[in-house]
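The file model-v3.tsv contains TSV, C-alpha atoms:
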chain	number	residue	atom	x	y	z
A	17	MET	CA	45.45	8.60	-0.70
A	18	PRO	CA	47.29	11.24	-2.73
A	19	GLN	CA	47.87	10.32	-6.35
A	20	VAL	CA	51.00	8.18	-6.71
A	21	GLU	CA	52.93	8.31	-9.97
A	22	VAL	CA	52.74	4.82	-11.44
A	23	ARG	CA	56.14	3.75	-12.68
A	24	GLN	CA	57.27	0.16	-12.36
A	25	ALA	CA	55.81	-1.19	-9.15
A	26	ALA	CA	57.61	-3.08	-6.40
A	27	ILE	CA	56.33	-5.93	-4.25
A	28	VAL	CA	57.76	-6.48	-0.78
A	29	VAL	CA	56.81	-9.61	1.14
A	30	VAL	CA	57.69	-9.51	4.84
A	31	GLY	CA	58.08	-12.53	7.09
A	32	ASN	CA	60.73	-14.68	8.73
A	33	GLU	CA	58.48	-17.66	8.08
A	34	VAL	CA	58.65	-17.08	4.32
A	35	LEU	CA	62.44	-16.78	4.30
A	36	ALA	CA	62.74	-19.94	6.41
A	37	GLY	CA	60.54	-21.89	4.01
A	38	ASP	CA	58.00	-22.61	6.74
A	39	VAL	CA	55.29	-20.75	4.81
A	40	GLU	CA	55.07	-20.63	1.03
A	41	ASP	CA	54.62	-17.16	-0.39
A	42	HIS	CA	51.49	-16.93	-2.51
A	43	ASN	CA	51.10	-13.16	-2.24
A	44	GLY	CA	53.93	-12.04	-4.51
A	45	ALA	CA	52.90	-14.06	-7.55
A	46	TRP	CA	49.22	-13.23	-7.04
A	47	LEU	CA	49.93	-9.51	-6.80
A	48	SER	CA	52.10	-9.63	-9.91
A	49	ARG	CA	49.25	-11.16	-11.92
A	50	GLU	CA	46.68	-8.71	-10.57
A	51	LEU	CA	48.91	-5.73	-11.30
A	52	ALA	CA	49.62	-6.97	-14.83
A	53	ALA	CA	45.87	-7.18	-15.38
A	54	ILE	CA	45.49	-3.46	-14.62
A	55	GLY	CA	48.50	-2.47	-16.73
A	56	VAL	CA	51.06	-2.07	-13.93
A	57	GLU	CA	54.45	-3.66	-14.55
A	58	VAL	CA	56.33	-5.06	-11.56
A	59	GLY	CA	60.00	-4.14	-11.68
A	60	ILE	CA	61.25	-5.81	-8.51
A	61	ALA	CA	60.08	-8.20	-5.79
A	62	LEU	CA	61.73	-8.59	-2.40
A	63	THR	CA	61.27	-10.89	0.57
A	64	LEU	CA	62.46	-9.40	3.85
A	65	PRO	CA	62.74	-10.59	7.46
A	66	ASP	CA	60.80	-9.15	10.37
A	67	ASP	CA	63.44	-6.51	11.10
A	68	GLU	CA	62.17	-2.94	11.40
A	69	VAL	CA	65.40	-1.20	10.49
A	70	LEU	CA	66.18	-3.51	7.57
A	71	ILE	CA	62.66	-3.23	6.17
A	72	ALA	CA	62.75	0.57	6.41
A	73	GLU	CA	66.13	0.75	4.68
A	74	HIS	CA	64.98	-1.42	1.79
A	75	LEU	CA	61.71	0.45	1.46
A	76	CYS	CA	63.54	3.76	1.21
A	77	ARG	CA	65.91	2.46	-1.47
A	78	THR	CA	63.12	0.74	-3.38
A	79	ALA	CA	60.90	3.84	-3.39
A	80	GLU	CA	63.70	5.86	-5.01
A	81	ARG	CA	63.13	3.90	-8.22
A	82	TYR	CA	59.75	2.18	-8.00
A	83	ALA	CA	56.21	3.31	-7.26
A	84	PRO	CA	53.86	2.21	-5.94
A	85	VAL	CA	55.51	-0.15	-3.44
A	86	PHE	CA	53.12	-2.90	-2.35
A	87	VAL	CA	53.94	-4.45	1.02
A	88	THR	CA	52.37	-7.56	2.55
A	89	GLY	CA	52.82	-9.04	6.01
A	90	GLY	CA	53.86	-7.98	9.47
A	91	ILE	CA	50.95	-5.73	10.49
A	92	GLY	CA	49.40	-7.97	13.15
A	93	THR	CA	49.73	-7.80	16.93
A	94	THR	CA	52.71	-10.02	17.73
A	95	LEU	CA	56.17	-8.78	18.65
A	96	ASP	CA	57.59	-9.69	15.24
A	97	ASP	CA	54.93	-7.63	13.43
A	98	VAL	CA	57.06	-4.55	12.76
A	99	THR	CA	55.96	-3.53	9.26
A	100	ARG	CA	53.84	-0.62	10.47
A	101	GLN	CA	56.82	0.85	12.30
A	102	ALA	CA	59.13	0.24	9.35
A	103	VAL	CA	56.79	1.87	6.83
A	104	ALA	CA	56.34	4.89	9.10
A	105	ARG	CA	60.11	5.19	9.38
A	106	ALA	CA	60.53	4.94	5.60
A	107	ALA	CA	57.78	7.50	5.02
A	108	GLY	CA	59.32	9.89	7.56
A	109	VAL	CA	56.25	10.09	9.79
A	110	PRO	CA	55.51	8.91	13.35
A	111	LEU	CA	53.16	6.14	14.36
A	112	VAL	CA	50.01	7.52	15.93
A	113	LEU	CA	47.05	5.89	17.64
A	114	ARG	CA	44.05	6.33	15.33
A	115	ALA	CA	40.93	6.97	17.40
A	116	ASP	CA	38.72	6.12	14.42
A	117	VAL	CA	40.36	2.71	14.06
A	118	VAL	CA	40.05	2.07	17.80
A	119	ALA	CA	36.35	2.93	17.64
A	120	HIS	CA	35.79	0.70	14.61
A	121	LEU	CA	37.57	-2.26	16.17
A	122	GLU	CA	35.79	-1.89	19.50
A	123	ALA	CA	32.44	-1.71	17.74
A	124	SER	CA	33.37	-4.79	15.73
A	125	ILE	CA	34.38	-6.96	18.69
A	126	GLY	CA	31.90	-5.49	21.16
A	127	ARG	CA	34.31	-4.60	23.96
A	128	PRO	CA	37.29	-2.34	24.72
A	129	LEU	CA	40.56	-3.27	23.05
A	130	THR	CA	43.33	-4.83	25.07
A	131	PRO	CA	46.73	-3.11	24.98
A	132	VAL	CA	47.90	-5.72	22.47
A	133	GLN	CA	44.88	-5.21	20.23
A	134	ARG	CA	45.41	-1.45	20.27
A	135	ARG	CA	48.58	-2.03	18.27
A	136	LEU	CA	46.34	-2.57	15.24
A	137	ALA	CA	45.32	1.10	15.50
A	138	GLU	CA	48.91	2.41	15.68
A	139	LEU	CA	49.46	3.58	12.11
A	140	PRO	CA	51.66	6.04	10.20
A	141	GLU	CA	50.46	9.59	10.68
A	142	GLY	CA	48.27	10.80	7.84
A	143	CYS	CA	47.84	7.39	6.22
A	144	GLY	CA	44.76	6.35	4.29
A	145	LEU	CA	42.95	3.21	5.39
A	146	ILE	CA	42.18	0.05	3.42
A	147	PRO	CA	39.26	-1.75	5.10
A	148	ASN	CA	39.81	-5.33	6.21
A	149	ARG	CA	36.45	-7.06	5.84
A	150	ILE	CA	37.78	-10.48	6.87
A	151	GLY	CA	40.09	-9.77	9.80
A	152	ARG	CA	41.02	-6.98	12.18
A	153	ALA	CA	44.23	-5.39	10.90
A	154	PRO	CA	43.49	-2.54	8.47
A	155	GLY	CA	45.68	-1.99	5.46
A	156	PHE	CA	46.94	1.50	4.78
A	157	THR	CA	48.57	3.79	2.26
A	158	VAL	CA	51.20	6.42	2.97
A	159	GLY	CA	53.44	8.06	0.38
A	160	PRO	CA	54.29	5.45	-2.26
A	161	PHE	CA	53.60	2.54	0.12
A	162	VAL	CA	50.47	0.38	-0.06
A	163	VAL	CA	50.38	-2.05	2.85
A	164	PHE	CA	48.30	-5.20	3.35
A	165	PRO	CA	48.17	-8.06	5.85
A	166	GLY	CA	50.10	-11.15	4.88
A	167	VAL	CA	47.12	-13.50	5.08
A	168	PRO	CA	46.37	-14.33	1.42
A	169	GLU	CA	42.58	-14.28	1.83
A	170	MET	CA	42.73	-10.80	3.32
A	171	LEU	CA	45.05	-9.47	0.62
A	172	ARG	CA	42.81	-10.83	-2.13
A	173	ASP	CA	39.74	-9.21	-0.63
A	174	MET	CA	41.45	-5.86	0.06
A	175	PHE	CA	43.48	-5.28	-3.11
A	176	PRO	CA	40.43	-4.62	-5.34
A	177	LEU	CA	39.49	-1.77	-3.01
A	178	VAL	CA	42.51	0.22	-4.21
A	179	ALA	CA	43.35	-1.35	-7.58
A	180	GLU	CA	41.57	1.23	-9.74
A	181	ARG	CA	43.80	3.99	-8.38
A	182	PHE	CA	46.73	2.45	-10.23
A	183	ARG	CA	45.12	1.26	-13.45
A	184	ARG	CA	46.79	2.21	-16.72
A	185	PRO	CA	46.37	0.88	-20.25
A	186	PRO	CA	47.75	-2.67	-20.22
A	187	ALA	CA	50.68	-3.61	-22.38
A	188	GLN	CA	49.71	-5.42	-25.57
A	189	ARG	CA	51.35	-8.76	-26.30
A	190	HIS	CA	52.15	-11.02	-29.23
A	191	THR	CA	53.24	-14.65	-28.83
A	192	LEU	CA	55.23	-16.78	-31.25
A	193	PHE	CA	56.35	-20.41	-30.93
A	194	THR	CA	59.36	-22.33	-32.18
A	195	ASP	CA	60.53	-25.92	-31.80
A	196	ARG	CA	64.18	-24.83	-31.71
A	197	TRP	CA	66.22	-24.73	-28.51
A	198	GLU	CA	66.39	-21.40	-26.74
A	199	SER	CA	70.13	-21.14	-27.40
A	200	GLU	CA	69.46	-21.39	-31.14
A	201	ILE	CA	67.33	-18.25	-31.18
A	202	ALA	CA	69.17	-16.18	-28.56
A	203	ALA	CA	71.17	-14.16	-31.09
A	204	LEU	CA	68.01	-13.40	-33.10
A	205	LEU	CA	66.24	-12.12	-30.00
A	206	GLU	CA	69.23	-9.98	-29.08
A	207	GLU	CA	69.09	-8.41	-32.55
A	208	LEU	CA	65.39	-7.74	-32.11
A	209	ALA	CA	66.01	-6.13	-28.71
A	210	ALA	CA	68.48	-3.73	-30.32
A	211	ARG	CA	66.01	-2.91	-33.11
A	212	ALA	CA	62.97	-2.48	-30.84
A	213	PRO	CA	64.04	-0.99	-27.50
A	214	GLY	CA	60.43	-0.21	-26.55
A	215	VAL	CA	59.38	-3.85	-26.78
A	216	ALA	CA	59.90	-6.28	-23.89
A	217	ILE	CA	61.01	-9.72	-25.05
A	218	GLY	CA	60.64	-12.93	-23.07
A	219	SER	CA	61.55	-16.46	-24.11
A	220	TYR	CA	60.17	-19.39	-22.12
A	221	PRO	CA	61.31	-22.98	-22.75
A	222	LYS	CA	58.52	-25.57	-22.46
A	223	ARG	CA	58.54	-29.37	-22.40
A	224	ASP	CA	55.89	-32.06	-22.62
A	225	GLY	CA	57.50	-35.47	-22.49
A	226	ALA	CA	59.92	-35.72	-25.41
A	227	ARG	CA	58.44	-32.65	-27.09
A	228	HIS	CA	60.06	-29.29	-26.46
A	229	TRP	CA	59.42	-25.76	-27.69
A	230	VAL	CA	60.03	-22.13	-26.82
A	231	GLU	CA	57.31	-19.56	-26.32
A	232	VAL	CA	58.47	-16.06	-27.33
A	233	VAL	CA	56.38	-13.25	-25.85
A	234	LEU	CA	56.63	-9.65	-27.01
A	235	LYS	CA	55.00	-6.86	-24.97
A	236	SER	CA	54.71	-3.12	-25.47
A	237	HIS	CA	52.43	-0.20	-24.70
A	238	ASP	CA	53.12	1.04	-28.23
A	239	ALA	CA	50.93	-0.97	-30.62
A	240	ALA	CA	52.82	0.10	-33.74
A	241	SER	CA	56.20	-0.87	-32.26
A	242	LEU	CA	54.82	-4.22	-31.14
A	243	GLU	CA	53.34	-4.97	-34.55
A	244	ALA	CA	56.57	-4.08	-36.33
A	245	ALA	CA	58.68	-6.18	-33.95
A	246	ALA	CA	56.35	-9.17	-34.24
A	247	ALA	CA	56.36	-8.98	-38.04
A	248	TRP	CA	60.15	-8.74	-38.13
A	249	LEU	CA	60.55	-11.74	-35.83
A	250	ALA	CA	57.90	-13.84	-37.58
A	251	GLU	CA	59.84	-13.51	-40.85
A	252	ARG	CA	63.07	-14.77	-39.27
A	253	LEU	CA	62.17	-17.12	-36.40
A	254	PRO	CA	62.99	-20.71	-37.41
A	255	GLY	CA	60.97	-23.71	-36.38
A	256	GLN	CA	57.55	-22.05	-36.22
A	257	PRO	CA	54.53	-24.35	-36.52
A	258	ALA	CA	52.83	-24.37	-39.92
A	259	ALA	CA	49.95	-21.90	-40.21
Please go through the file and, once you have read it, give me the structure as structure tokens.
Amino acid sequence: MPQVEVRQAAIVVVGNEVLAGDVEDHNGAWLSRELAAIGVEVGIALTLPDDEVLIAEHLCRTAERYAPVFVTGGIGTTLDDVTRQAVARAAGVPLVLRADVVAHLEASIGRPLTPVQRRLAELPEGCGLIPNRIGRAPGFTVGPFVVFPGVPEMLRDMFPLVAERFRRPPAQRHTLFTDRWESEIAALLEELAARAPGVAIGSYPKRDGARHWVEVVLKSHDAASLEAAAAWLAERLPGQPAA
């Protein structure tokens, strides 16, 4: 695939079954963790129904701000599998029947494809392929879009095949703890945010029985900025455990 500028990434999960609560989405959270591990920050995550026009509209808007855009689900053979068509529409290219994919699938199953099975080989013109070593539907890349099947086992096997294309130095992190309530430290964190705009700040309340605490996580790609922000906060954060 052509080199895609890595900004904040987007994750788009497609499926009526996910929106209805019939199937729990495991792909979005898993992708977020895998992307964080290779230094890619996720800026937005969407769950969309199996609606070609709606998917295409959201993909176009999302790609204006985020890249790459990782899409899972809706590339099988049933009538509600419309992600291939939607991605082609968003990328501004037609769907074409890929003879190489037809040949691969026929060799794999040992007989000619049925008309329904041939849908798996209808892909956006000019797309790159992501091999599916577990199932039949290939993933593909076109423009800023990186598309996988929605079956978690397939996604987890296929993502490493393309992950290195997007790797960047991971953000460094520093974690502090306090036994104060989150509301008690909110103003302090707001002051830190104003002082250190290049440092991402997260505060996460935790509880274990009657015990409660807040985990404060600072992240930045700039080591010096992170160190300065952590030192500033460590001097002022109340309720830290004794060293």
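The space between CA of Val162 (chain A) and CA of Gln24 (chain A) spans 14.1 Å.
Minimum atom-to-atom distance to Val28 (chain A), evaluated using all atoms listed in the file, belongs to A:Gly89 out of A:Pro176, A:Pro168, A:Pro128, A:Gly89.
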Discussion item. For a test of reading the model, state the distance in Å between CA of Ala115 (chain A) and CA of Ala72 (chain A), rounded to one decimal.
Written reply: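 For CA of Ala115 (chain A) relative to CA of Ala72 (chain A), the distance reads 25.3 Å.
Minimum distance to Asp41 (chain A) across A:Lys222, A:Gly166, A:Ala104, A:Gly155 (counting all atoms listed in the file) occurs at A:Gly166.
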Discussion item. List as a count of residues only the protein and nucleic acid residues near Asn148 (chain A), meaning an atom at most 12 Å away when all atoms listed in the file are counted, but skip any in the same chain fewer than 3 places from it.
Written reply: 27
Worksheet item: Which residue gives the smallest distance to Ala212 (chain A) among A:Leu249, A:Val69, A:Ile54, A:Val158, with all atoms listed in the file counted?
Response: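 Counting all atoms listed in the file, the residue closest to Ala212 (chain A) is A:Leu249.
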Fill in: Point-to-point distance from CA of Tyr82 (chain A) to CA of Leu64 (chain A), Å rounded to tenths
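It comes out at 16.8 Å.
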Worksheet item: If you count only C-alpha atoms, which residues fall within 10 Å of Leu95 (chain A), apart from same-chain ones fewer than 4 positions away, as a ChimeraX atom specification?
Response: /A:66,90,132
Using all atoms listed in the file, find each residue in region 28-76 of chain A having at least one atom no more than 12 Å away from region 232-245 of chain A; report its shortest atom-to-atom pair and that distance in Å (one decimal), rows by chain then rising number, as CSV.
residue,atom,partner,partner_atom,distance
A:Ala52,CA,A:Lys235,CA,11.5
A:Gly55,CA,A:His237,CA,9.2
A:Val56,CA,A:His237,CA,11.0
A:Glu57,CA,A:His237,CA,10.9
Counting only C-alpha atoms, which residues have an atom no more than 9 Å from (44.7, 3.9, 13.6) in the file's coordinates? Please list them as a PDB file with C-alpha atoms, in the frame of the given file.
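Written output follows (selection_21.pdb):
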ATOM      1  CA  LEU A 111      53.160   6.140  14.360  1.00  0.00           C
ATOM      2  CA  VAL A 112      50.010   7.520  15.930  1.00  0.00           C
ATOM      3  CA  LEU A 113      47.050   5.890  17.640  1.00  0.00           C
ATOM      4  CA  ARG A 114      44.050   6.330  15.330  1.00  0.00           C
ATOM      5  CA  ALA A 115      40.930   6.970  17.400  1.00  0.00           C
ATOM      6  CA  ASP A 116      38.720   6.120  14.420  1.00  0.00           C
ATOM      7  CA  VAL A 117      40.360   2.710  14.060  1.00  0.00           C
ATOM      8  CA  VAL A 118      40.050   2.070  17.800  1.00  0.00           C
ATOM      9  CA  ARG A 134      45.410  -1.450  20.270  1.00  0.00           C
ATOM     10  CA  ARG A 135      48.580  -2.030  18.270  1.00  0.00           C
ATOM     11  CA  LEU A 136      46.340  -2.570  15.240  1.00  0.00           C
ATOM     12  CA  ALA A 137      45.320   1.100  15.500  1.00  0.00           C
ATOM     13  CA  GLU A 138      48.910   2.410  15.680  1.00  0.00           C
ATOM     14  CA  LEU A 139      49.460   3.580  12.110  1.00  0.00           C
ATOM     15  CA  PRO A 140      51.660   6.040  10.200  1.00  0.00           C
ATOM     16  CA  GLU A 141      50.460   9.590  10.680  1.00  0.00           C
ATOM     17  CA  CYS A 143      47.840   7.390   6.220  1.00  0.00           C
ATOM     18  CA  LEU A 145      42.950   3.210   5.390  1.00  0.00           C
ATOM     19  CA  PRO A 154      43.490  -2.540   8.470  1.00  0.00           C
TER      20      PRO A 154
END
Worksheet item: Which is closer to Leu51 (chain A) than all the others in A:Leu35, A:Leu75, A:Ala179, A:Ile125, using all atoms listed in the file?
Response: A:Ala179
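Between Arg49 (chain A) and the residues A:Gly126, A:Gly144, A:Gly37, A:Pro186, the shortest atom-to-atom distance, using only C-alpha atoms, involves A:Pro186.
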Report the centre and edge lengths, in Å to one decimal, of an axis-aligned box enclosing every atom of region 206-213 of chain A listed in the file, padded by 8 Å on each side, as JSON.
{"center_x": 66.1, "center_y": -5.5, "center_z": -30.3, "size_x": 22.3, "size_y": 25.0, "size_z": 21.6}
Fill in: Contacts of Val58 (chain A) at 7 Å (all atoms listed in the file; same-chain gap of 6+ positions) as JSON, numbers by chain
{"A": [24, 25, 26, 48]}
